[in-house]
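File shown: structure23.txt. Contents: compact mmCIF, C-alpha atoms.
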# COMPACT_ATOMS: atom_id res chain seq x y z
CA MET A 1 15.00 2.60 -11.70
CA GLN A 2 12.71 5.56 -12.32
CA ALA A 3 10.98 7.11 -9.32
CA ILE A 4 9.17 10.25 -8.28
CA THR A 5 11.16 12.31 -5.77
CA PHE A 6 11.02 15.74 -4.17
CA ASP A 7 13.74 17.73 -2.40
CA ALA A 8 11.53 19.71 -0.02
CA PRO A 9 7.84 19.74 0.94
CA GLY A 10 5.55 21.86 -1.20
CA ASP A 11 2.77 21.82 -3.76
CA GLU A 12 2.53 19.23 -6.51
CA HIS A 13 5.16 20.99 -8.63
CA VAL A 14 7.95 19.77 -6.33
CA LEU A 15 7.49 16.23 -7.70
CA THR A 16 10.23 15.19 -10.11
CA LEU A 17 10.89 12.06 -12.19
CA SER A 18 14.35 10.85 -11.18
CA GLU A 19 16.75 7.94 -11.59
CA LEU A 20 17.52 6.01 -8.40
CA PRO A 21 19.55 2.85 -7.73
CA ASP A 22 17.59 -0.36 -8.13
CA PRO A 23 16.50 -1.70 -4.72
CA THR A 24 17.49 -5.18 -3.53
CA PRO A 25 15.08 -7.38 -1.56
CA ALA A 26 16.22 -8.38 1.92
CA ALA A 27 15.25 -11.60 3.66
CA GLY A 28 11.48 -12.00 3.64
CA GLU A 29 11.03 -9.46 0.82
CA VAL A 30 10.43 -9.58 -2.92
CA LEU A 31 11.34 -7.20 -5.71
CA VAL A 32 8.32 -6.20 -7.80
CA GLU A 33 8.50 -4.79 -11.31
CA VAL A 34 5.77 -2.19 -10.98
CA ALA A 35 2.89 -2.16 -13.46
CA ALA A 36 1.03 0.62 -11.64
CA ALA A 37 0.95 2.50 -8.35
CA GLY A 38 -2.13 3.79 -6.58
CA VAL A 39 -2.36 7.45 -5.58
CA ASN A 40 -3.76 8.14 -2.11
CA ASN A 41 -4.47 11.23 -0.01
CA ALA A 42 -1.66 10.11 2.29
CA ASP A 43 0.77 10.75 -0.57
CA LEU A 44 -0.39 14.36 -0.76
CA GLN A 45 0.09 14.72 2.98
CA GLN A 46 3.62 13.33 2.77
CA ARG A 47 4.48 15.65 -0.11
CA GLN A 48 3.32 18.59 2.00
CA GLY A 49 5.52 17.50 4.90
CA ASN A 50 2.64 16.40 7.14
CA TYR A 51 2.96 12.61 6.99
CA PRO A 52 6.55 11.34 7.10
CA PRO A 53 7.25 7.68 6.27
CA PRO A 54 7.70 5.26 9.17
CA PRO A 55 11.30 4.55 10.27
CA GLY A 56 13.04 2.37 7.73
CA ALA A 57 10.48 2.92 4.96
CA SER A 58 11.35 4.36 1.55
CA ASP A 59 11.14 8.13 1.16
CA VAL A 60 9.54 7.58 -2.24
CA LEU A 61 5.78 8.14 -2.25
CA GLY A 62 3.32 5.34 -2.86
CA LEU A 63 1.50 2.91 -0.57
CA GLU A 64 0.30 0.29 -3.06
CA VAL A 65 1.45 -1.25 -6.33
CA SER A 66 0.69 -4.00 -8.78
CA GLY A 67 3.18 -5.83 -10.94
CA THR A 68 5.21 -9.01 -11.36
CA ILE A 69 7.80 -10.49 -9.05
CA ARG A 70 11.30 -10.02 -10.45
CA ALA A 71 13.38 -11.43 -7.57
CA LEU A 72 12.96 -13.17 -4.21
CA GLY A 73 14.85 -12.38 -1.04
CA ALA A 74 16.07 -15.11 1.26
CA ASP A 75 13.48 -17.20 3.15
CA VAL A 76 10.58 -16.28 0.86
CA THR A 77 8.25 -19.19 0.21
CA GLY A 78 4.93 -19.48 -1.58
CA TRP A 79 5.84 -17.01 -4.32
CA ALA A 80 7.81 -17.30 -7.55
CA VAL A 81 9.51 -15.00 -10.03
CA GLY A 82 6.91 -13.94 -12.61
CA ASP A 83 3.90 -14.13 -10.26
CA ARG A 84 1.29 -11.41 -10.83
CA VAL A 85 0.80 -9.57 -7.55
CA CYS A 86 -0.48 -6.44 -5.90
CA ALA A 87 0.91 -5.22 -2.62
CA LEU A 88 0.57 -2.97 0.38
CA LEU A 89 3.62 -0.76 1.03
CA ALA A 90 4.87 1.64 3.68
CA GLY A 91 6.44 3.66 0.85
CA GLY A 92 8.23 3.30 -2.47
CA GLY A 93 5.35 2.76 -4.89
CA TYR A 94 5.91 5.69 -7.27
CA ALA A 95 8.72 3.84 -9.04
CA SER A 96 9.44 1.24 -11.70
CA LEU A 97 10.70 -1.20 -9.04
CA ALA A 98 9.55 -1.68 -5.45
CA VAL A 99 10.65 -3.87 -2.56
CA VAL A 100 7.74 -5.45 -0.65
CA PRO A 101 7.51 -7.72 2.40
CA ALA A 102 6.30 -11.06 1.03
CA SER A 103 3.61 -11.16 3.73
CA GLN A 104 2.04 -8.02 2.22
CA LEU A 105 1.52 -9.50 -1.24
CA LEU A 106 -1.83 -10.47 -2.72
CA PRO A 107 -2.23 -12.56 -5.89
CA VAL A 108 -3.81 -10.87 -8.91
CA PRO A 109 -6.51 -13.27 -10.12
CA ASP A 110 -6.61 -14.44 -13.73
CA GLY A 111 -8.87 -12.14 -15.67
CA LEU A 112 -8.14 -9.05 -13.58
CA ASP A 113 -6.13 -6.41 -15.40
CA LEU A 114 -2.70 -6.11 -13.79
CA VAL A 115 -2.62 -2.29 -13.93
CA GLN A 116 -6.14 -1.95 -12.52
CA ALA A 117 -5.22 -4.23 -9.60
CA ALA A 118 -3.07 -1.44 -8.12
CA ALA A 119 -6.30 0.23 -6.97
CA LEU A 120 -7.09 -2.59 -4.53
CA PRO A 121 -4.51 -3.16 -1.74
CA GLU A 122 -4.75 0.04 0.31
CA ALA A 123 -8.53 0.25 0.06
CA ALA A 124 -9.11 -3.45 0.71
CA CYS A 125 -6.82 -3.52 3.75
CA THR A 126 -8.14 -0.26 5.20
CA VAL A 127 -11.80 -1.10 4.66
CA TYR A 128 -11.67 -4.71 5.83
CA SER A 129 -9.50 -4.02 8.88
CA ASN A 130 -12.03 -1.41 10.01
CA LEU A 131 -15.40 -2.74 8.85
CA GLY A 132 -14.68 -6.45 9.11
CA MET A 133 -12.10 -6.87 11.86
CA ILE A 134 -13.08 -4.00 14.20
CA ALA A 135 -16.71 -3.12 13.49
CA GLY A 136 -17.70 -6.70 12.69
CA LEU A 137 -20.11 -5.78 9.89
CA ARG A 138 -22.40 -8.73 9.15
CA PRO A 139 -24.85 -9.69 6.39
CA GLY A 140 -28.18 -7.98 6.90
CA GLN A 141 -26.77 -5.03 8.81
CA THR A 142 -26.83 -1.47 7.47
CA LEU A 143 -23.63 0.44 6.72
CA LEU A 144 -23.38 4.20 6.18
CA VAL A 145 -20.39 5.14 4.01
CA HIS A 146 -19.35 8.78 3.91
CA GLY A 147 -17.58 9.68 0.71
CA GLY A 148 -19.12 6.81 -1.21
CA THR A 149 -17.17 7.48 -4.41
CA GLY A 150 -13.74 8.00 -2.85
CA GLY A 151 -10.97 5.45 -3.06
CA MET A 152 -11.98 3.91 0.26
CA GLY A 153 -15.70 4.59 0.03
CA SER A 154 -16.19 3.01 -3.39
CA HIS A 155 -14.45 -0.16 -2.24
CA ALA A 156 -16.49 -0.19 0.98
CA VAL A 157 -19.74 -0.04 -0.98
CA LEU A 158 -18.71 -2.96 -3.21
CA TRP A 159 -17.39 -5.14 -0.37
CA ALA A 160 -20.35 -4.52 1.95
CA LYS A 161 -22.84 -5.32 -0.81
CA ALA A 162 -20.94 -8.51 -1.68
CA LEU A 163 -21.05 -9.42 2.02
CA GLY A 164 -24.82 -9.02 2.07
CA ALA A 165 -25.16 -5.75 3.99
CA ARG A 166 -27.42 -2.84 3.10
CA VAL A 167 -25.44 0.25 2.14
CA ILE A 168 -26.23 3.94 2.45
CA ALA A 169 -23.68 6.23 0.80
CA THR A 170 -23.22 9.99 0.98
CA SER A 171 -21.80 11.74 -2.08
CA GLY A 172 -21.61 15.31 -3.30
CA GLY A 173 -23.23 16.42 -6.56
CA GLU A 174 -25.17 14.68 -9.32
CA ARG A 175 -22.14 12.99 -10.93
CA LYS A 176 -20.99 11.35 -7.70
CA VAL A 177 -24.50 10.44 -6.61
CA ALA A 178 -24.97 8.64 -9.93
CA ALA A 179 -21.62 6.88 -9.50
CA SER A 180 -22.61 5.65 -6.02
CA ARG A 181 -25.82 4.24 -7.43
CA GLU A 182 -23.88 2.45 -10.15
CA LEU A 183 -21.67 0.87 -7.49
CA GLY A 184 -24.79 -0.63 -5.93
CA ALA A 185 -25.55 1.50 -2.87
CA ASP A 186 -29.13 0.94 -1.70
CA LEU A 187 -29.60 4.61 -0.83
CA VAL A 188 -27.45 7.53 -1.99
CA ILE A 189 -27.70 10.86 -0.19
CA ASP A 190 -26.36 14.09 -1.68
CA HIS A 191 -24.71 15.63 1.38
CA ARG A 192 -24.68 19.03 -0.31
CA THR A 193 -28.46 19.28 -0.43
CA GLU A 194 -29.85 16.61 1.92
CA ASP A 195 -29.73 15.78 5.63
CA PHE A 196 -28.09 12.36 5.81
CA VAL A 197 -29.41 11.74 9.34
CA ALA A 198 -33.04 12.28 8.35
CA ARG A 199 -32.73 10.30 5.11
CA ALA A 200 -30.95 7.37 6.74
CA LYS A 201 -33.43 7.19 9.61
CA GLU A 202 -36.32 7.24 7.16
CA PHE A 203 -34.67 4.45 5.14
CA THR A 204 -34.18 2.31 8.28
CA ASP A 205 -37.68 2.98 9.67
CA GLY A 206 -36.20 5.08 12.47
CA VAL A 207 -33.80 2.39 13.70
CA GLY A 208 -30.58 3.93 12.38
CA VAL A 209 -27.47 2.32 10.92
CA ASP A 210 -25.32 -0.39 12.47
CA VAL A 211 -21.95 0.89 11.27
CA VAL A 212 -20.63 4.23 10.01
CA LEU A 213 -17.45 4.50 7.91
CA ASP A 214 -16.33 8.09 8.43
CA VAL A 215 -13.74 10.19 6.61
CA VAL A 216 -14.96 13.58 7.88
CA GLY A 217 -14.22 13.48 11.60
CA PRO A 218 -15.18 16.25 14.05
CA ASP A 219 -17.84 17.96 11.95
CA TYR A 220 -19.82 14.72 11.64
CA LEU A 221 -19.35 13.27 15.14
CA GLU A 222 -22.67 14.30 16.68
CA ARG A 223 -24.64 13.51 13.52
CA ASN A 224 -22.96 10.12 13.19
CA LEU A 225 -23.98 9.32 16.75
CA ASP A 226 -27.50 10.56 16.01
CA VAL A 227 -27.89 8.28 12.98
CA LEU A 228 -26.38 5.26 14.76
CA ALA A 229 -28.59 2.40 15.93
CA SER A 230 -28.25 0.98 19.43
CA ASN A 231 -25.04 -1.06 19.82
CA GLY A 232 -23.72 0.55 16.64
CA HIS A 233 -20.13 1.39 15.76
CA ILE A 234 -18.44 4.39 14.16
CA THR A 235 -15.07 3.72 12.53
CA VAL A 236 -13.01 6.77 11.58
CA ILE A 237 -10.36 6.36 8.88
CA ALA A 238 -9.76 10.05 8.13
CA ALA A 239 -10.59 13.38 9.76
CA GLY A 240 -10.84 15.90 6.98
CA SER A 241 -12.65 18.48 9.14
CA GLY A 242 -10.05 18.77 11.90
CA SER A 243 -8.45 17.03 14.84
CA GLU A 244 -10.69 17.78 17.85
CA ALA A 245 -14.37 17.43 18.74
CA THR A 246 -16.61 17.33 21.81
CA LEU A 247 -17.99 13.86 22.46
CA PRO A 248 -21.58 13.72 23.80
CA PHE A 249 -21.04 10.92 26.29
CA GLY A 250 -24.71 10.72 27.19
CA VAL A 251 -25.65 9.73 23.64
CA LEU A 252 -22.67 7.36 23.40
CA MET A 253 -23.64 5.54 26.59
CA ARG A 254 -27.37 5.53 25.95
CA LYS A 255 -26.86 3.90 22.57
CA ARG A 256 -24.13 1.58 23.89
CA ALA A 257 -22.13 2.80 20.91
CA THR A 258 -18.44 2.33 20.17
CA ILE A 259 -16.02 4.46 18.19
CA SER A 260 -12.67 3.46 16.71
CA GLY A 261 -10.03 5.30 14.74
CA THR A 262 -7.11 3.80 12.83
CA THR A 263 -4.32 4.43 10.39
CA LEU A 264 -2.64 1.66 8.41
CA ARG A 265 0.77 2.79 7.20
CA ALA A 266 2.68 2.91 10.50
CA ARG A 267 1.37 -0.37 11.92
CA PRO A 268 4.00 -3.00 12.74
CA LEU A 269 4.77 -5.54 10.03
CA ALA A 270 3.04 -8.32 11.97
CA GLU A 271 -0.22 -6.36 12.16
CA LYS A 272 -0.19 -5.44 8.48
CA SER A 273 0.65 -9.01 7.54
CA ALA A 274 -2.32 -10.26 9.57
CA ILE A 275 -4.60 -7.76 7.82
CA VAL A 276 -3.36 -8.83 4.38
CA GLU A 277 -3.92 -12.48 5.32
CA ALA A 278 -7.47 -11.68 6.44
CA VAL A 279 -8.14 -9.71 3.24
CA ARG A 280 -6.95 -12.66 1.17
CA ALA A 281 -9.32 -14.96 3.04
CA GLU A 282 -12.39 -12.74 3.38
CA VAL A 283 -12.26 -10.17 0.56
CA TRP A 284 -10.28 -11.80 -2.25
CA PRO A 285 -12.98 -14.39 -3.06
CA PHE A 286 -15.21 -11.45 -4.00
CA VAL A 287 -12.40 -10.06 -6.18
CA VAL A 288 -12.00 -13.44 -7.88
CA ASP A 289 -15.73 -13.68 -8.69
CA GLY A 290 -15.91 -10.05 -9.79
CA ARG A 291 -18.27 -8.70 -7.15
CA VAL A 292 -15.47 -6.50 -5.79
CA ARG A 293 -13.53 -4.77 -8.54
CA PRO A 294 -11.05 -1.92 -8.89
CA VAL A 295 -12.73 1.45 -9.27
CA VAL A 296 -10.36 3.52 -11.39
CA ASP A 297 -10.95 7.11 -12.45
CA ALA A 298 -7.87 7.43 -14.68
CA VAL A 299 -4.42 5.99 -15.40
CA LEU A 300 -1.59 8.49 -15.90
CA PRO A 301 2.12 8.09 -16.69
CA LEU A 302 4.44 8.20 -13.69
CA ALA A 303 5.92 11.44 -15.03
CA GLU A 304 2.48 13.06 -14.50
CA ALA A 305 2.41 12.43 -10.76
CA ALA A 306 1.95 16.17 -10.16
CA GLU A 307 -1.22 16.14 -12.28
CA ALA A 308 -2.49 13.12 -10.35
CA HIS A 309 -1.98 14.99 -7.07
CA ARG A 310 -3.75 18.03 -8.46
CA ARG A 311 -6.75 15.93 -9.46
CA ILE A 312 -6.92 14.21 -6.07
CA ALA A 313 -6.80 17.59 -4.32
CA SER A 314 -9.65 18.87 -6.51
CA GLY A 315 -12.03 16.27 -5.08
CA ASP A 316 -13.35 15.34 -8.52
CA VAL A 317 -11.91 11.83 -8.67
CA ILE A 318 -14.19 8.81 -8.49
CA GLY A 319 -12.36 5.79 -7.13
CA LYS A 320 -8.61 5.72 -7.63
CA LEU A 321 -6.00 7.38 -9.83
CA LEU A 322 -3.13 5.14 -10.95
CA LEU A 323 0.38 5.90 -12.19
CA THR A 324 2.23 3.66 -14.65
CA PRO A 325 6.05 3.70 -15.08

Here is the file; what I need is its structure written in the form of structure tokens.
Amino acid sequence: MQAITFDAPGDEHVLTLSELPDPTPAAGEVLVEVAAAGVNNADLQQRQGNYPPPPGASDVLGLEVSGTIRALGADVTGWAVGDRVCALLAGGGYASLAVVPASQLLPVPDGLDLVQAAALPEAACTVYSNLGMIAGLRPGQTLLVHGGTGGMGSHAVLWAKALGARVIATSGGERKVAASRELGADLVIDHRTEDFVARAKEFTDGVGVDVVLDVVGPDYLERNLDVLASNGHITVIAAGSGSEATLPFGVLMRKRATISGTTLRARPLAEKSAIVEAVRAEVWPFVVDGRVRPVVDAVLPLAEAAEAHRRIASGDVIGKLLLTP
């Protein structure tokens, strides 16, 4: 099979298109002929040597794919060769073939483009596990999404609106603000020129938001607590501004607020399988009816993985970049 490899950590130029032996599915796994792979910030971190794959996972980059099932391992039920699927991976997506635990497969609905479907698994599982399973976002509540046009943020806006929540999104610059509006956010705040705390409080008549989806981390901690309503929740899925912050416990306790932080890749198989099952039950109906859709900035050939990484690093991408073998 073809796959993207690199011999040592470095910038995007270390990525090389290589030939590797075809993988074989073990018991409980399937072999997927890859139609497309999603590109995520985690891939850039792994390439730089900062995010090694979990024990036993492929060294090949790539945390999500779409494609068709080519072969079934032993003890796999409920799936057949030729099924159109998308999947959550611990690694191995930047390739023409990928081995996937059967419990991490999702069906690609009729009418959804198979290549485009590669933009869904990582975002759907990350967003739902945090906003649905941990924060318990409900219809009628207000969600603040930081990075409303990112791979995770764009999906969060679509899913929360389909759920029946009100959505406030922060984005940077006119192009991204316009994109957030097109996704359906009820209020879009340009974080480069506006105070998101003041705008969000004005929008909620001073009450604040029920849930914050944060990708910034330390630099936004105090402001996220400020904008939070009583009994609200902050869920952190990335910390782009650093690894440490001072927590104002008085505000936290006075608001009866909660904060959670998660990663997805290194979770045990059983946990990831449970998340995928929940996504199939609670998110996939919105995918089937079209209210939640892939948000794709561009599709590039697998051989142009370095260019995909460069674009992701630039911060100019709206939604996801995909690679096709």

From (5.0, -16.4, -1.8), in the file's coordinates, out to 12 Å: which residues are reached, counting all atoms listed in the file? Answer as a PyMOL selection string. chain A and resi 28-31+69+71-85+87+100-107

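Computed from the coordinates, the atom CA of Val299 of chain A to atom CA of Met1 of chain A distance equals 20.1 Å.
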
Selected residue, from A:Asp113, A:Asp205, A:Asp289, A:Glu64, that lies nearest to Leu321 of chain A when counting only C-alpha atoms: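 Residue with the minimum atom-to-atom distance to Leu321 of chain A: A:Glu64.
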
Go through A:Arg166, A:His155, A:His233, A:Arg47 and flag the residue nearest Ala135 of chain A, using all atoms listed in the file for the distances.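 Among A:Arg166, A:His155, A:His233, A:Arg47, it is A:His233 that comes nearest to Ala135 of chain A.
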
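Of the residues under consideration (A:Val99, A:Leu221, A:Ile189, A:Ala179), A:Val99 shows the shortest atom-to-atom contact distance to Asp22 of chain A when counting only C-alpha atoms.
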
Counting only C-alpha atoms, which of A:Leu144, A:Val279, A:Leu88, A:Val292 gets nearest to Ala229 of chain A?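 Among A:Leu144, A:Val279, A:Leu88, A:Val292, it is A:Leu144 that comes nearest to Ala229 of chain A.
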
How many Å lie between atom CA of Val34 of chain A and atom CA of Met152 of chain A, rounded to one decimal?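 Going from atom CA of Val34 of chain A over to atom CA of Met152 of chain A, I get 21.9 Å.
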
All residues 10 Å or closer to segment 224-227 of chain A, all atoms listed in the file, same chain fewer than 5 positions away omitted, as a ChimeraX atom specification: /A:144,196-201,204,206-214,217-219,232-234,247-248,251-252,255,257-259

Which residues are close to Asp43 of chain A, i.e. within 9 Å by only C-alpha atoms, leaving aside same-chain residues fewer than 5 positions away? Reply as a PyMOL selection string. chain A and resi 48+51+61-63+309

Have a look at atom CA of Ala37 of chain A and atom CA of Pro294 of chain A and let me know their distance in Å, one decimal.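 Taking atom CA of Ala37 of chain A and atom CA of Pro294 of chain A, their separation equals 12.8 Å.
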
Nearby residues (only C-alpha atoms) at most 12 Å from Val215 of chain A, same-chain spacing under 6 positions excluded, as a ChimeraX atom specification: /A:41,126-127,144-153,170-171,221,224,234-243,261-263

For Thr142 of chain A, which residue out of A:Tyr128, A:Phe203, A:Trp284, A:Tyr220 is the nearest one, using all atoms listed in the file? A:Phe203

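Here the question is which of A:Gly67, A:Ser154, A:Pro325, A:Leu163 gets nearest to Ala185 of chain A using all atoms listed in the file, and that residue is A:Ser154.
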
How big is the axis-aligned box around all listed atoms of segment 131-143 of chain A once 6 Å goes on each side, and where's its centre, in Å to one decimal, as AutoDock Vina command-line options?
--center_x -20.1 --center_y -4.6 --center_z 10.3 --size_x 28.1 --size_y 22.1 --size_z 19.8

May I have the protein, DNA and RNA residues with an atom at most 12 Å from (6.5, 10.1, 7.3), counting all atoms listed in the file in the file's coordinates, returned as JSON, numbers by chain? {"A": [9, 42, 43, 44, 45, 46, 47, 48, 49, 50, 51, 52, 53, 54, 55, 56, 57, 58, 59, 60, 61, 62, 63, 90, 91, 265, 266]}

Those selected residues, please, written with C-alpha atoms and delivered as a compact mmCIF listing (two decimals), keeping the file's coordinate frame.
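Result went into again10.txt, see below:
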# COMPACT_ATOMS: atom_id res chain seq x y z
CA PRO A 9 7.84 19.74 0.94
CA ALA A 42 -1.66 10.11 2.29
CA ASP A 43 0.77 10.75 -0.57
CA LEU A 44 -0.39 14.36 -0.76
CA GLN A 45 0.09 14.72 2.98
CA GLN A 46 3.62 13.33 2.77
CA ARG A 47 4.48 15.65 -0.11
CA GLN A 48 3.32 18.59 2.00
CA GLY A 49 5.52 17.50 4.90
CA ASN A 50 2.64 16.40 7.14
CA TYR A 51 2.96 12.61 6.99
CA PRO A 52 6.55 11.34 7.10
CA PRO A 53 7.25 7.68 6.27
CA PRO A 54 7.70 5.26 9.17
CA PRO A 55 11.30 4.55 10.27
CA GLY A 56 13.04 2.37 7.73
CA ALA A 57 10.48 2.92 4.96
CA SER A 58 11.35 4.36 1.55
CA ASP A 59 11.14 8.13 1.16
CA VAL A 60 9.54 7.58 -2.24
CA LEU A 61 5.78 8.14 -2.25
CA GLY A 62 3.32 5.34 -2.86
CA LEU A 63 1.50 2.91 -0.57
CA ALA A 90 4.87 1.64 3.68
CA GLY A 91 6.44 3.66 0.85
CA ARG A 265 0.77 2.79 7.20
CA ALA A 266 2.68 2.91 10.50

Block slice segment 62-71 of chain A, all heavy atoms, emitted as an mmCIF file, in the first residue's frame:
data_model
loop_
_atom_site.group_PDB
_atom_site.id
_atom_site.type_symbol
_atom_site.label_atom_id
_atom_site.label_comp_id
_atom_site.auth_asym_id
_atom_site.auth_seq_id
_atom_site.Cartn_x
_atom_site.Cartn_y
_atom_site.Cartn_z
ATOM 1 N N GLY A 62 -2.646 9.924 10.876
ATOM 2 C CA GLY A 62 -4.019 9.856 10.416
ATOM 3 C C GLY A 62 -4.962 9.226 11.410
ATOM 4 O O GLY A 62 -4.831 8.047 11.733
ATOM 5 N N LEU A 63 -5.942 10.011 11.891
ATOM 6 C CA LEU A 63 -6.849 9.572 12.951
ATOM 7 C C LEU A 63 -8.270 9.331 12.470
ATOM 8 O O LEU A 63 -9.137 8.992 13.278
ATOM 9 C CB LEU A 63 -6.870 10.619 14.067
ATOM 10 C CG LEU A 63 -5.508 10.936 14.701
ATOM 11 C CD1 LEU A 63 -5.669 11.989 15.782
ATOM 12 C CD2 LEU A 63 -4.874 9.677 15.261
ATOM 13 N N GLU A 64 -8.517 9.478 11.178
ATOM 14 C CA GLU A 64 -9.861 9.228 10.652
ATOM 15 C C GLU A 64 -9.773 8.984 9.153
ATOM 16 O O GLU A 64 -8.957 9.579 8.463
ATOM 17 C CB GLU A 64 -10.799 10.402 10.942
ATOM 18 C CG GLU A 64 -10.324 11.720 10.343
ATOM 19 C CD GLU A 64 -11.150 12.912 10.787
ATOM 20 O OE1 GLU A 64 -12.296 12.715 11.245
ATOM 21 O OE2 GLU A 64 -10.656 14.053 10.660
ATOM 22 N N VAL A 65 -10.636 8.083 8.687
ATOM 23 C CA VAL A 65 -10.690 7.769 7.255
ATOM 24 C C VAL A 65 -12.130 7.515 6.850
ATOM 25 O O VAL A 65 -13.006 7.270 7.677
ATOM 26 C CB VAL A 65 -9.841 6.530 6.884
ATOM 27 C CG1 VAL A 65 -8.361 6.765 7.145
ATOM 28 C CG2 VAL A 65 -10.345 5.279 7.595
ATOM 29 N N SER A 66 -12.336 7.526 5.536
ATOM 30 C CA SER A 66 -13.549 6.984 4.940
ATOM 31 C C SER A 66 -13.131 6.012 3.858
ATOM 32 O O SER A 66 -11.996 6.052 3.367
ATOM 33 C CB SER A 66 -14.410 8.100 4.349
ATOM 34 O OG SER A 66 -13.704 8.770 3.318
ATOM 35 N N GLY A 67 -14.043 5.120 3.485
ATOM 36 C CA GLY A 67 -13.708 4.165 2.443
ATOM 37 C C GLY A 67 -14.684 3.006 2.408
ATOM 38 O O GLY A 67 -15.805 3.101 2.919
ATOM 39 N N THR A 68 -14.255 1.896 1.822
ATOM 40 C CA THR A 68 -15.079 0.695 1.737
ATOM 41 C C THR A 68 -14.348 -0.469 2.393
ATOM 42 O O THR A 68 -13.114 -0.553 2.335
ATOM 43 C CB THR A 68 -15.406 0.347 0.283
ATOM 44 O OG1 THR A 68 -14.188 0.225 -0.461
ATOM 45 C CG2 THR A 68 -16.272 1.420 -0.359
ATOM 46 N N ILE A 69 -15.113 -1.349 2.991
ATOM 47 C CA ILE A 69 -14.513 -2.508 3.656
ATOM 48 C C ILE A 69 -14.032 -3.499 2.597
ATOM 49 O O ILE A 69 -14.795 -3.924 1.736
ATOM 50 C CB ILE A 69 -15.523 -3.179 4.599
ATOM 51 C CG1 ILE A 69 -15.891 -2.226 5.742
ATOM 52 C CG2 ILE A 69 -14.948 -4.478 5.167
ATOM 53 C CD1 ILE A 69 -16.934 -2.785 6.700
ATOM 54 N N ARG A 70 -12.752 -3.861 2.699
ATOM 55 C CA ARG A 70 -12.174 -4.833 1.767
ATOM 56 C C ARG A 70 -12.134 -6.231 2.370
ATOM 57 O O ARG A 70 -12.269 -7.220 1.651
ATOM 58 C CB ARG A 70 -10.762 -4.405 1.356
ATOM 59 C CG ARG A 70 -10.075 -5.414 0.451
ATOM 60 C CD ARG A 70 -8.637 -5.052 0.122
ATOM 61 N NE ARG A 70 -8.565 -4.026 -0.907
ATOM 62 C CZ ARG A 70 -7.424 -3.718 -1.529
ATOM 63 N NH1 ARG A 70 -6.283 -4.343 -1.208
ATOM 64 N NH2 ARG A 70 -7.409 -2.799 -2.466
ATOM 65 N N ALA A 71 -11.905 -6.344 3.676
ATOM 66 C CA ALA A 71 -11.807 -7.658 4.316
ATOM 67 C C ALA A 71 -12.226 -7.555 5.773
ATOM 68 O O ALA A 71 -12.096 -6.501 6.404
ATOM 69 C CB ALA A 71 -10.380 -8.206 4.209
#
